[in-house]
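Coordinates from upload.cif are shown below (mmCIF, N, CA and C atoms).
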```cif
data_run
loop_
_atom_site.group_PDB
_atom_site.id
_atom_site.type_symbol
_atom_site.label_atom_id
_atom_site.label_comp_id
_atom_site.auth_asym_id
_atom_site.auth_seq_id
_atom_site.Cartn_x
_atom_site.Cartn_y
_atom_site.Cartn_z
ATOM 1 N N MET A 187 0.826 -1.174 0.000
ATOM 2 C CA MET A 187 0.000 0.000 0.000
ATOM 3 C C MET A 187 0.874 1.244 0.000
ATOM 4 N N GLY A 188 0.353 2.284 -0.611
ATOM 5 C CA GLY A 188 1.073 3.547 -0.658
ATOM 6 C C GLY A 188 0.807 4.381 0.580
ATOM 7 N N LYS A 189 1.571 5.425 0.706
ATOM 8 C CA LYS A 189 1.391 6.326 1.836
ATOM 9 C C LYS A 189 0.174 7.211 1.602
ATOM 10 N N VAL A 190 -0.513 7.511 2.680
ATOM 11 C CA VAL A 190 -1.653 8.416 2.610
ATOM 12 C C VAL A 190 -1.149 9.816 2.943
ATOM 13 N N ILE A 191 -1.353 10.731 2.028
ATOM 14 C CA ILE A 191 -0.914 12.104 2.230
ATOM 15 C C ILE A 191 -2.133 12.949 2.558
ATOM 16 N N MET A 192 -2.101 13.571 3.731
ATOM 17 C CA MET A 192 -3.218 14.414 4.145
ATOM 18 C C MET A 192 -2.808 15.877 4.041
ATOM 19 N N LYS A 193 -3.733 16.705 3.599
ATOM 20 C CA LYS A 193 -3.471 18.136 3.527
ATOM 21 C C LYS A 193 -3.556 18.728 4.930
ATOM 22 N N PRO A 194 -2.679 19.658 5.246
ATOM 23 C CA PRO A 194 -2.789 20.308 6.560
ATOM 24 C C PRO A 194 -4.051 21.157 6.630
ATOM 25 N N ALA A 195 -4.632 21.216 7.805
ATOM 26 C CA ALA A 195 -5.853 21.997 7.990
ATOM 27 C C ALA A 195 -5.533 23.479 7.851
ATOM 28 N N THR A 196 -6.285 24.160 7.017
ATOM 29 C CA THR A 196 -6.085 25.595 6.845
ATOM 30 C C THR A 196 -7.237 26.314 7.521
ATOM 31 N N HIS A 197 -6.897 27.180 8.431
ATOM 32 C CA HIS A 197 -7.897 27.940 9.166
ATOM 33 C C HIS A 197 -7.876 29.384 8.685
ATOM 34 N N GLN A 198 -9.045 29.956 8.569
ATOM 35 C CA GLN A 198 -9.177 31.350 8.197
ATOM 36 C C GLN A 198 -9.480 32.150 9.455
ATOM 37 N N GLU A 199 -8.742 33.230 9.678
ATOM 38 C CA GLU A 199 -8.944 34.062 10.861
ATOM 39 C C GLU A 199 -9.921 35.181 10.531
ATOM 40 N N VAL A 200 -11.012 35.257 11.298
ATOM 41 C CA VAL A 200 -12.004 36.317 11.129
ATOM 42 C C VAL A 200 -12.347 36.887 12.508
ATOM 43 N N ASN A 201 -12.886 38.081 12.508
ATOM 44 C CA ASN A 201 -13.341 38.688 13.756
ATOM 45 C C ASN A 201 -14.751 38.201 14.059
ATOM 46 N N GLY A 202 -15.045 38.035 15.332
ATOM 47 C CA GLY A 202 -16.372 37.580 15.727
ATOM 48 C C GLY A 202 -16.594 37.830 17.204
ATOM 49 N N SER A 203 -17.637 37.220 17.731
ATOM 50 C CA SER A 203 -17.939 37.376 19.148
ATOM 51 C C SER A 203 -18.122 36.007 19.783
ATOM 52 N N VAL A 204 -17.661 35.890 21.030
ATOM 53 C CA VAL A 204 -17.755 34.642 21.778
ATOM 54 C C VAL A 204 -18.398 34.932 23.126
ATOM 55 N N HIS A 205 -18.863 33.882 23.787
ATOM 56 C CA HIS A 205 -19.475 33.997 25.104
ATOM 57 C C HIS A 205 -18.438 33.636 26.152
ATOM 58 N N CYS A 206 -18.125 34.584 27.039
ATOM 59 C CA CYS A 206 -17.184 34.331 28.132
ATOM 60 C C CYS A 206 -17.956 33.633 29.255
ATOM 61 N N PHE A 207 -17.456 32.480 29.694
ATOM 62 C CA PHE A 207 -18.156 31.713 30.719
ATOM 63 C C PHE A 207 -18.030 32.351 32.104
ATOM 64 N N LEU A 208 -16.935 33.044 32.360
ATOM 65 C CA LEU A 208 -16.714 33.567 33.702
ATOM 66 C C LEU A 208 -17.559 34.812 33.982
ATOM 67 N N CYS A 209 -17.555 35.767 33.053
ATOM 68 C CA CYS A 209 -18.333 36.992 33.297
ATOM 69 C C CYS A 209 -19.676 36.973 32.566
ATOM 70 N N SER A 210 -19.951 35.927 31.820
ATOM 71 C CA SER A 210 -21.202 35.704 31.072
ATOM 72 C C SER A 210 -21.596 36.900 30.209
ATOM 73 N N HIS A 211 -20.618 37.416 29.452
ATOM 74 C CA HIS A 211 -20.862 38.485 28.502
ATOM 75 C C HIS A 211 -20.405 38.056 27.114
ATOM 76 N N MET A 212 -20.929 38.742 26.106
ATOM 77 C CA MET A 212 -20.507 38.527 24.739
ATOM 78 C C MET A 212 -19.337 39.473 24.468
ATOM 79 N N VAL A 213 -18.167 38.931 24.119
ATOM 80 C CA VAL A 213 -16.971 39.744 23.930
ATOM 81 C C VAL A 213 -16.392 39.483 22.538
ATOM 82 N N PRO A 214 -15.689 40.466 21.954
ATOM 83 C CA PRO A 214 -15.071 40.268 20.644
ATOM 84 C C PRO A 214 -13.829 39.382 20.755
ATOM 85 N N ALA A 215 -13.588 38.596 19.700
ATOM 86 C CA ALA A 215 -12.422 37.714 19.668
ATOM 87 C C ALA A 215 -12.089 37.378 18.226
ATOM 88 N N VAL A 216 -10.890 36.836 18.018
ATOM 89 C CA VAL A 216 -10.490 36.336 16.705
ATOM 90 C C VAL A 216 -10.930 34.882 16.623
ATOM 91 N N ILE A 217 -11.662 34.551 15.564
ATOM 92 C CA ILE A 217 -12.221 33.209 15.387
ATOM 93 C C ILE A 217 -11.458 32.492 14.278
ATOM 94 N N LEU A 218 -11.098 31.233 14.508
ATOM 95 C CA LEU A 218 -10.508 30.395 13.469
ATOM 96 C C LEU A 218 -11.627 29.573 12.847
ATOM 97 N N VAL A 219 -11.805 29.715 11.533
ATOM 98 C CA VAL A 219 -12.896 29.036 10.840
ATOM 99 C C VAL A 219 -12.312 28.021 9.873
ATOM 100 N N ASN A 220 -12.745 26.782 10.021
ATOM 101 C CA ASN A 220 -12.431 25.728 9.073
ATOM 102 C C ASN A 220 -13.702 25.491 8.278
ATOM 103 N N ARG A 221 -13.815 24.453 7.542
ATOM 104 C CA ARG A 221 -15.010 24.216 6.735
ATOM 105 C C ARG A 221 -16.287 24.232 7.562
ATOM 106 N N ARG A 222 -16.347 23.418 8.587
ATOM 107 C CA ARG A 222 -17.548 23.334 9.428
ATOM 108 C C ARG A 222 -17.336 23.827 10.846
ATOM 109 N N ASP A 223 -16.101 23.906 11.267
ATOM 110 C CA ASP A 223 -15.799 24.247 12.656
ATOM 111 C C ASP A 223 -15.431 25.719 12.793
ATOM 112 N N ALA A 224 -15.799 26.286 13.914
ATOM 113 C CA ALA A 224 -15.389 27.643 14.268
ATOM 114 C C ALA A 224 -15.065 27.645 15.753
ATOM 115 N N PHE A 225 -13.878 28.141 16.104
ATOM 116 C CA PHE A 225 -13.493 28.190 17.506
ATOM 117 C C PHE A 225 -12.597 29.393 17.746
ATOM 118 N N ALA A 226 -12.501 29.819 18.990
ATOM 119 C CA ALA A 226 -11.689 30.976 19.346
ATOM 120 C C ALA A 226 -10.212 30.627 19.222
ATOM 121 N N LYS A 227 -9.442 31.582 18.767
ATOM 122 C CA LYS A 227 -8.001 31.391 18.627
ATOM 123 C C LYS A 227 -7.393 31.215 20.023
ATOM 124 N N PRO A 228 -6.570 30.198 20.217
ATOM 125 C CA PRO A 228 -5.989 29.944 21.542
ATOM 126 C C PRO A 228 -5.118 31.093 22.030
ATOM 127 N N GLY A 229 -5.151 31.334 23.344
ATOM 128 C CA GLY A 229 -4.311 32.336 23.968
ATOM 129 C C GLY A 229 -4.958 33.693 24.159
ATOM 130 N N GLN A 230 -6.203 33.859 23.729
ATOM 131 C CA GLN A 230 -6.883 35.137 23.898
ATOM 132 C C GLN A 230 -7.483 35.237 25.293
ATOM 133 N N THR A 231 -7.635 36.463 25.765
ATOM 134 C CA THR A 231 -8.256 36.686 27.070
ATOM 135 C C THR A 231 -9.458 37.608 26.922
ATOM 136 N N CYS A 232 -10.361 37.498 27.856
ATOM 137 C CA CYS A 232 -11.556 38.337 27.878
ATOM 138 C C CYS A 232 -11.146 39.758 28.258
ATOM 139 N N PRO A 233 -11.608 40.776 27.518
ATOM 140 C CA PRO A 233 -11.242 42.144 27.864
ATOM 141 C C PRO A 233 -11.906 42.646 29.152
ATOM 142 N N ARG A 234 -12.948 41.987 29.620
ATOM 143 C CA ARG A 234 -13.648 42.418 30.829
ATOM 144 C C ARG A 234 -13.069 41.790 32.087
ATOM 145 N N CYS A 235 -12.913 40.452 32.091
ATOM 146 C CA CYS A 235 -12.496 39.763 33.327
ATOM 147 C C CYS A 235 -11.122 39.095 33.211
ATOM 148 N N HIS A 236 -10.476 39.148 32.049
ATOM 149 C CA HIS A 236 -9.128 38.618 31.814
ATOM 150 C C HIS A 236 -9.024 37.103 31.962
ATOM 151 N N SER A 237 -10.129 36.383 31.758
ATOM 152 C CA SER A 237 -10.062 34.925 31.759
ATOM 153 C C SER A 237 -9.762 34.444 30.340
ATOM 154 N N LYS A 238 -9.316 33.210 30.214
ATOM 155 C CA LYS A 238 -8.965 32.655 28.912
ATOM 156 C C LYS A 238 -10.230 32.359 28.104
ATOM 157 N N LEU A 239 -10.169 32.604 26.800
ATOM 158 C CA LEU A 239 -11.299 32.341 25.911
ATOM 159 C C LEU A 239 -11.093 31.077 25.085
ATOM 160 N N ASP A 240 -10.197 30.177 25.531
ATOM 161 C CA ASP A 240 -9.904 28.971 24.763
ATOM 162 C C ASP A 240 -11.120 28.059 24.633
ATOM 163 N N SER A 241 -11.973 27.994 25.630
ATOM 164 C CA SER A 241 -13.129 27.105 25.584
ATOM 165 C C SER A 241 -14.436 27.870 25.392
ATOM 166 N N ALA A 242 -14.351 29.090 24.904
ATOM 167 C CA ALA A 242 -15.552 29.921 24.744
ATOM 168 C C ALA A 242 -16.402 29.445 23.571
ATOM 169 N N CYS A 243 -17.697 29.655 23.674
ATOM 170 C CA CYS A 243 -18.622 29.309 22.597
ATOM 171 C C CYS A 243 -18.670 30.451 21.590
ATOM 172 N N VAL A 244 -18.571 30.102 20.308
ATOM 173 C CA VAL A 244 -18.654 31.112 19.262
ATOM 174 C C VAL A 244 -20.101 31.469 19.038
ATOM 175 N N LEU A 245 -20.420 32.763 19.118
ATOM 176 C CA LEU A 245 -21.789 33.221 18.948
ATOM 177 C C LEU A 245 -22.022 33.826 17.566
ATOM 178 N N GLY A 246 -21.035 34.453 17.022
ATOM 179 C CA GLY A 246 -21.213 35.081 15.721
ATOM 180 C C GLY A 246 -19.885 35.322 15.044
ATOM 181 N N VAL A 247 -19.902 35.295 13.699
ATOM 182 C CA VAL A 247 -18.715 35.526 12.897
ATOM 183 C C VAL A 247 -19.031 36.630 11.921
ATOM 184 N N VAL A 248 -18.171 37.629 11.856
ATOM 185 C CA VAL A 248 -18.340 38.707 10.882
ATOM 186 C C VAL A 248 -17.815 38.189 9.544
ATOM 187 N N SER A 249 -18.692 38.089 8.560
ATOM 188 C CA SER A 249 -18.293 37.542 7.271
ATOM 189 C C SER A 249 -17.656 38.624 6.415
ATOM 190 N N ARG A 250 -16.623 38.225 5.686
ATOM 191 C CA ARG A 250 -15.960 39.150 4.789
ATOM 192 C C ARG A 250 -16.421 38.900 3.362
ATOM 193 N N ALA A 251 -16.370 39.926 2.534
ATOM 194 C CA ALA A 251 -16.747 39.767 1.142
ATOM 195 C C ALA A 251 -15.708 38.922 0.420
ATOM 196 N N ALA A 252 -16.172 38.051 -0.448
ATOM 197 C CA ALA A 252 -15.269 37.135 -1.140
ATOM 198 C C ALA A 252 -14.598 37.781 -2.320
#
```

Structure rendered as structure tokens:
Amino acid sequence: MGKVIMKPATHQEVNGSVHCFLCSHMVPAVILVNRRDAFAKPGQTCPRCHSKLDSACVLGVVSRAA
């Protein structure tokens, strides 16, 4: 059998809003968007309470014109 070559995942960075679990507010963040997945870029902090947004829920993505 031959080797299976997989393409590296390419993520597109867009601005959006996420839900901070600690202060329960909607805050702006950089979102990494793959084909079906959207998640907050690792290492960001909430501007209100300074907690990590690594596990935050994505609420909205600002779409850019193609």

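Counting from atom CA of Thr196 of chain A, the distance to atom CA of His236 of chain A is 28.3 Å.
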
(request) Can you work out the spacing between atom C of Val190 of chain A and atom CA of Val219 of chain A in Å, to one decimal? (result)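 Atom-to-atom, atom C of Val190 of chain A to atom CA of Val219 of chain A, that is 23.9 Å.
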
(request) Select, from A:Ala224, A:Leu218, A:Cys232, A:Ala195, the residue with the minimum atom-to-atom distance to Leu245 of chain A, counting only C-alpha atoms. (result) A:Ala224

(message) Taking only N, CA and C atoms into account, name the residue in A:Met192, A:Cys243, A:Cys235, A:Val200 that is nearest to Ile217 of chain A.
(response)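 Ranked by minimum distance to Ile217 of chain A, first place goes to A:Val200.
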
(message) Using only C-alpha atoms - which residues lie no farther than 10 Å from the point (-25.1, 32.7, 17.5) in the file's frame? Write them as a count of residues only.
(response) 8

(request) Quote the spacing between atom CA of His211 of chain A and atom N of His197 of chain A in Å to one decimal place. (result)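 Separating atom CA of His211 of chain A from atom N of His197 of chain A is a distance of 26.9 Å.
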